[in-house]
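To start, the structure itself, in C-alpha cells.
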Amino acid sequence: MADDTATTIVDFRTERARYKHWKLGFDGPVATLVMDVREDGGLKPGYELKLNSYDLGVDIELYDALQRLRFEHPEVRAVVLTSGKERVFCAGANIRMLNQSSHGWKVNFCKFTNETRNAIEEATAESRQAYLCAINGPCAGGGYELALATDWIIMADDGSTTVALPEVPLLAVLPGTGGLTRLVDKRKVRRDRADFFCTLEEGIKGQRAVDWRLVDEVVPRSKLDETVKRRAAEMAARSDRPQGAKGVTLTPLARSIEGDRIAYSTVTCVIDRDRGVAEITIAGPATPPPATVEGIHAVGAGFWPLTLARELDDLILHLRANEEKIGIWVFRSTGGRDLVEAHDRALQDHAGHWLVREIRLYLKRTFKRLDVSSRSVFALIEPGSCFVGTLLELVLAADRSYMLDGVLEGDAGKPAALRLTAMNFGAYPMVNGLTRLASRFLGEPDRALDLKRRLGEDLEAAAAGEAGLVTFVPDDIDWEDEVRLGIEARAAFSPDALTGMEASLRFGGPETLESKIFSRLSAWQNWIFQRPNAVGDKGALRVYGTGQRSEFDRRRV
C-alpha cells in the first residue's frame, strides 16, 4: 500500500474459519452475511477500521464468502447483507488507509471492490441467489456502494439512519465510480437529485430516500428484522436453485512461490523482471472429463475448468496487487486439444445443472478480470499448445497474438492449431455484453456468426490468420525476432499511456453498467486520485480529520 507494497505479499486466498470481519449464518434457503469489521484487523498497520470501515482485507473476505455461498451452498436462494455493529452499517473505505496508500494501491483497491460488487449483481441475475441489504445505521461511501450492489435495500426509519455518497464534499474524490454509475444507470435516480445527493455530507434518510429511489423501503427500526425476513423469504421463493442439493467444497488453493516462479496445479507463471514480463503457461487437462454431471460433482474442486478458474483468478489478483512493475502478461498453453474440447463439451451439455452453471460463470468472471486489468496481454500460439474453446478466450482477450506458422527448425512435432467450440459463442461475454468474437468483429458482425460453421475444426496459422483469430503469423525464421521485438517495444512505452490506450480499445460496441464503471475507473478515478486537490499537502484526502481546511486549485481542467 505505501512504498512497501512490493515487498509485502497480499494473499487473496482465505476461508471462512480465518475471517476477521464477516460472519455467515444459515436458515434454510436464506443466508445472512454480517459485516462486523474488527478495528485492529487491518491488512496493514497505521489505521483502525472504525465504524465498519473497510480496507482490501475486508473485501478479500467478502469475495471469498460470495464464492462459497455460490459453490458450497446451492440451497441458499437469498442472502441478507447487514451490519453486526450497533447503530452503524458501514462508513465506507477507511480514510486513513487511503491517505497512506500509494496511488496504484488506491486505484487497484477500487477496481477489486467494484469487481466484488459486480459478483453480487451477477449472483442475483445469473445464479438466482438474490441479495437483500438491511441498513441498520448510517451507511456512507463504499458502504452505500455495497448496498447498491444488492437487489433490494431496506433501511431503518429512525431519524438517524441515512445513506450518503460524501466523497466529493469531504475528500475531493469520487465514490469508487461504481457508486455514481449505479445511482443513475441501475437505480435510475434522476440526475438533478443524484447531483444534490452526491454533494450532501450528511446524506438522506426516511421517506425521501425511497422517493428519490436511493433505497427501496424504509421501516421503523422495531420492524426491520421482521420485514427483512419476509422479503428474503419472498426472494428465495422466486429462485430456481436446487433444494436439497449438496454443495462443492472449495478446498484450499495450493500455490508455491519460489523466487520469480509462481506455480499452481494448472497455471504457472515465471517473472522476468529485467523485461517486465510475466510468462504465464496454462496446462490443459490430463484426463477426460467425467461422463456424467454426477461425476463432475464428485470430482468437485478438482474438475479441470473449476481448477483453472480458481487458479487463474488468484494469479491475476496476485500479479495486480503484488507485481505493479510487471506490465506485460504473456500467455502460453500446453496440452491436448481434444481433452480441452471434451471438457468444453461437458460444460455445454450440462449447462442447466447448478454446479456447471456456477463453473461457467466463474470462468466468465475470471476472463472479465483479465480484460479490465491494466496490463498488456500477449498470447503466443506454438506447437503443443491447446488454445481450444475456453482457453481460446485468452487469445481473443489478448491485445496482440502471435501464432507460429509451421514448426521451428528441428522440431518433429505438428504445427500449432486453434479450435473453436460452442463456449466461444455466448458463455463468456465481456463487460460490454458481447462475446470476444463479436467484439473482435464489430465492423463485420456476420464474420463472427460464420465462424460457428467451423466449430471443432483445427485452424493452423494461415487459416487462423485469415479467419481473423490472431494478429500475426510469423514463420520459423521470423518467429523469435518478431515476438522479442513486439515485447521489447511494448515495454518501452509509457505504462500510463498503455493503460489508457488498452482500456479505450478493449471495450468497443455498446456500453453497459460494467463497461462504464471500469472505463471511468481507468480514466476519471485514476486522474482524480493524483490531483493536488485530493492528495496534495492541503488536499482534502490529506487533511481529513485533522481540523485543517483543504485548499483547492480552482482552475477547471
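Going through the C-alpha cells in order, the chains are called A, B, and so on, while each chain numbers its residues from 1 and the ligands are numbered from 1 in the order shown.
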
| task | Give the helix (DSSP H, G or I) residues of stretch 390-496 of chain A, as assigned by DSSP on the backbone, as a PyMOL selection string. | result | chain A and resi 392-397+422-424+436-440+445-454+461-467+479-492+495-496

Go ahead and write the residues just picked, C-alpha atoms, as a PDB file, in the first residue's frame.
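Printed below is again_12.pdb as written:
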ATOM      1  CA  LEU A 392      -9.075 -19.707 -26.841  1.00  0.00           C
ATOM      2  CA  GLU A 393     -10.762 -16.889 -24.900  1.00  0.00           C
ATOM      3  CA  LEU A 394      -7.273 -15.957 -23.636  1.00  0.00           C
ATOM      4  CA  VAL A 395      -6.121 -15.432 -27.227  1.00  0.00           C
ATOM      5  CA  LEU A 396      -9.227 -13.399 -28.025  1.00  0.00           C
ATOM      6  CA  ALA A 397      -8.703 -11.341 -24.847  1.00  0.00           C
ATOM      7  CA  ALA A 422     -19.645 -23.644 -28.588  1.00  0.00           C
ATOM      8  CA  MET A 423     -18.191 -21.955 -25.487  1.00  0.00           C
ATOM      9  CA  ASN A 424     -16.825 -19.142 -27.664  1.00  0.00           C
ATOM     10  CA  ARG A 436     -14.990 -11.613 -27.529  1.00  0.00           C
ATOM     11  CA  LEU A 437     -15.597 -12.763 -31.101  1.00  0.00           C
ATOM     12  CA  ALA A 438     -18.420 -10.245 -31.560  1.00  0.00           C
ATOM     13  CA  SER A 439     -16.243  -7.524 -30.025  1.00  0.00           C
ATOM     14  CA  ARG A 440     -13.415  -8.517 -32.345  1.00  0.00           C
ATOM     15  CA  PRO A 445     -20.843  -8.962 -37.394  1.00  0.00           C
ATOM     16  CA  ASP A 446     -21.557 -11.728 -39.915  1.00  0.00           C
ATOM     17  CA  ARG A 447     -17.959 -12.866 -39.671  1.00  0.00           C
ATOM     18  CA  ALA A 448     -18.343 -13.939 -36.054  1.00  0.00           C
ATOM     19  CA  LEU A 449     -21.517 -15.825 -36.921  1.00  0.00           C
ATOM     20  CA  ASP A 450     -19.847 -17.501 -39.905  1.00  0.00           C
ATOM     21  CA  LEU A 451     -17.167 -18.907 -37.590  1.00  0.00           C
ATOM     22  CA  LYS A 452     -19.842 -21.078 -35.977  1.00  0.00           C
ATOM     23  CA  ARG A 453     -19.607 -23.277 -39.056  1.00  0.00           C
ATOM     24  CA  ARG A 454     -16.018 -24.069 -38.124  1.00  0.00           C
ATOM     25  CA  ALA A 461      -1.671 -20.412 -38.659  1.00  0.00           C
ATOM     26  CA  ALA A 462      -2.668 -19.433 -42.192  1.00  0.00           C
ATOM     27  CA  ALA A 463      -6.318 -20.348 -41.630  1.00  0.00           C
ATOM     28  CA  ALA A 464      -6.404 -18.714 -38.188  1.00  0.00           C
ATOM     29  CA  GLY A 465      -4.900 -15.533 -39.609  1.00  0.00           C
ATOM     30  CA  GLU A 466      -7.355 -15.472 -42.487  1.00  0.00           C
ATOM     31  CA  ALA A 467     -10.223 -16.016 -40.017  1.00  0.00           C
ATOM     32  CA  TRP A 479       9.240 -16.091 -35.002  1.00  0.00           C
ATOM     33  CA  GLU A 480      11.757 -15.353 -32.267  1.00  0.00           C
ATOM     34  CA  ASP A 481      12.651 -11.887 -33.576  1.00  0.00           C
ATOM     35  CA  GLU A 482       9.032 -10.771 -34.096  1.00  0.00           C
ATOM     36  CA  VAL A 483       7.939 -11.919 -30.642  1.00  0.00           C
ATOM     37  CA  ARG A 484      11.007 -10.437 -28.958  1.00  0.00           C
ATOM     38  CA  LEU A 485      10.726  -7.091 -30.743  1.00  0.00           C
ATOM     39  CA  GLY A 486       6.995  -6.890 -30.072  1.00  0.00           C
ATOM     40  CA  ILE A 487       7.508  -7.373 -26.346  1.00  0.00           C
ATOM     41  CA  GLU A 488      10.542  -5.074 -26.154  1.00  0.00           C
ATOM     42  CA  ALA A 489       8.690  -2.300 -27.959  1.00  0.00           C
ATOM     43  CA  ARG A 490       5.719  -2.660 -25.627  1.00  0.00           C
ATOM     44  CA  ALA A 491       7.935  -2.478 -22.568  1.00  0.00           C
ATOM     45  CA  ALA A 492       9.476   0.777 -23.826  1.00  0.00           C
ATOM     46  CA  PRO A 495       2.710   2.479 -18.767  1.00  0.00           C
ATOM     47  CA  ASP A 496       0.222   5.325 -18.237  1.00  0.00           C
TER      48      ASP A 496
END

| message | Could you list, as a list of chain:residue names, every residue within 8 Å of stretch 15-18 of chain A, counting only C-alpha atoms and ignoring same-chain residues fewer than 3 positions away? | response | A:Glu61, A:Asp64, A:Ala65, A:Pro252

| request: Please provide as number ranges by chain all residues within 12 Å of A:Pro169, with the sequence filter that same-chain residues fewer than 2 positions apart are discarded (counting only C-alpha atoms). | output: A: 141, 164-167, 171-175, 195-203, 533-534, 539-541, 544, 549-550, 552

| query | With only C-alpha atoms as the basis for distance, which of A:Val163, A:Ala194, A:Leu363, A:Ala130 is at the shortest distance from A:Leu391? | reply | A:Leu363

| What is the atom CA of A:Glu72 to atom CA of A:Ile262 distance in Å? | 27.2 Å

| query | If you run DSSP on this backbone, which residues of stretch 289-421 of chain A come out as strand (DSSP E), and could you give them as a list of chain:residue names? | reply | A:Ile328, A:Trp329, A:Val330, A:Phe331, A:Arg332, A:Ser333, A:Thr334, A:Ser376, A:Val377, A:Phe378, A:Ala379, A:Leu380, A:Ile381, A:Arg400, A:Ser401, A:Tyr402, A:Met403

| Residues within 9 Å of A:Glu341, only C-alpha atoms, excluding chain neighbours under 6 positions, as number ranges by chain | A: 388-390, 419-421, 456

| query | So how far away is atom CA of A:Arg190 from atom CA of A:Pro510, in Å? | reply | 22.2 Å

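Those residues that approach A:Asp211 to within 12 Å, counting only C-alpha atoms, are Arg187, Lys188, Val189, Arg190, Arg193, Ile204, Lys205, Gly206, Asp216, Glu217 and Val218 of chain A; same-chain residues fewer than 5 positions away are not listed.
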
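A straight line drawn from atom CA of A:Gly84 to atom CA of A:Leu51 is 10.6 Å long.
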
| note | From the list A:Asn114, A:Asn99, A:Ser239, A:Ser333, the nearest residue to A:Tyr63 using only C-alpha atoms is A:Asn114

Tell me, counting only C-alpha atoms, for each residue of stretch 315-339 of chain A within 8 Å of stretch 370-380 of chain A, which pair of atoms is nearest and how far apart they are in Å to one decimal, in rows ordered by chain and increasing number, as a tab-separated table.
residue	atom	partner	partner_atom	distance
A:Ile316	CA	A:Leu370	CA	6.9
A:Arg320	CA	A:Ser373	CA	7.4
A:Gly327	CA	A:Arg375	CA	5.1
A:Ile328	CA	A:Ser376	CA	4.7
A:Trp329	CA	A:Val377	CA	4.9
A:Val330	CA	A:Phe378	CA	4.7
A:Phe331	CA	A:Ala379	CA	4.7
A:Arg332	CA	A:Leu380	CA	5.5

Restrict the selected residues to N, CA, C and O atoms and save them as a CSV table (one decimal), in the first residue's frame.
chain,number,residue,atom,x,y,z
A,316,ILE,N,-4.1,-13.7,-11.3
A,316,ILE,CA,-4.4,-12.3,-11.8
A,316,ILE,C,-4.4,-11.3,-10.6
A,316,ILE,O,-3.8,-10.3,-10.7
A,320,ARG,N,-1.7,-8.3,-10.0
A,320,ARG,CA,-2.2,-6.9,-9.9
A,320,ARG,C,-1.8,-6.3,-8.6
A,320,ARG,O,-1.4,-5.1,-8.6
A,327,GLY,N,4.5,-5.3,-16.4
A,327,GLY,CA,3.4,-4.6,-17.1
A,327,GLY,C,2.9,-5.5,-18.3
A,327,GLY,O,1.9,-5.1,-19.0
A,328,ILE,N,3.6,-6.6,-18.6
A,328,ILE,CA,3.2,-7.4,-19.8
A,328,ILE,C,3.0,-8.8,-19.3
A,328,ILE,O,3.9,-9.4,-18.7
A,329,TRP,N,1.8,-9.3,-19.6
A,329,TRP,CA,1.5,-10.7,-19.3
A,329,TRP,C,1.4,-11.5,-20.6
A,329,TRP,O,0.6,-11.2,-21.5
A,330,VAL,N,2.2,-12.5,-20.8
A,330,VAL,CA,2.3,-13.3,-22.0
A,330,VAL,C,1.7,-14.7,-21.7
A,330,VAL,O,2.2,-15.4,-20.8
A,331,PHE,N,0.7,-15.1,-22.4
A,331,PHE,CA,0.0,-16.4,-22.2
A,331,PHE,C,0.5,-17.4,-23.2
A,331,PHE,O,0.5,-17.2,-24.4
A,332,ARG,N,0.8,-18.6,-22.7
A,332,ARG,CA,1.0,-19.8,-23.5
A,332,ARG,C,0.1,-20.9,-23.0
A,332,ARG,O,-0.5,-20.8,-21.9

| Quick one: residues within 7 Å of A:Val248, only C-alpha atoms counted, chain neighbours fewer than 4 positions away excluded, as a PyMOL selection string? | chain A and resi 71-72+300-301

So which residues touch A:Ser504 within 10 Å, counting only C-alpha atoms, skipping near sequence neighbours fewer than 4 positions away, as a compact mmCIF listing (two decimals) with C-alpha atoms, in the first residue's frame?
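Generated file (out29.txt):
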# COMPACT_ATOMS: atom_id res chain seq x y z
CA LEU A 498 -0.73 1.99 -22.40
CA THR A 499 -3.30 1.74 -19.59
CA GLY A 500 -5.39 4.44 -21.22
CA GLY A 508 -15.86 -1.28 -28.29
CA SER A 519 -13.73 2.80 -18.17
CA SER A 522 -9.38 3.81 -15.59
CA ALA A 523 -9.84 7.46 -16.52
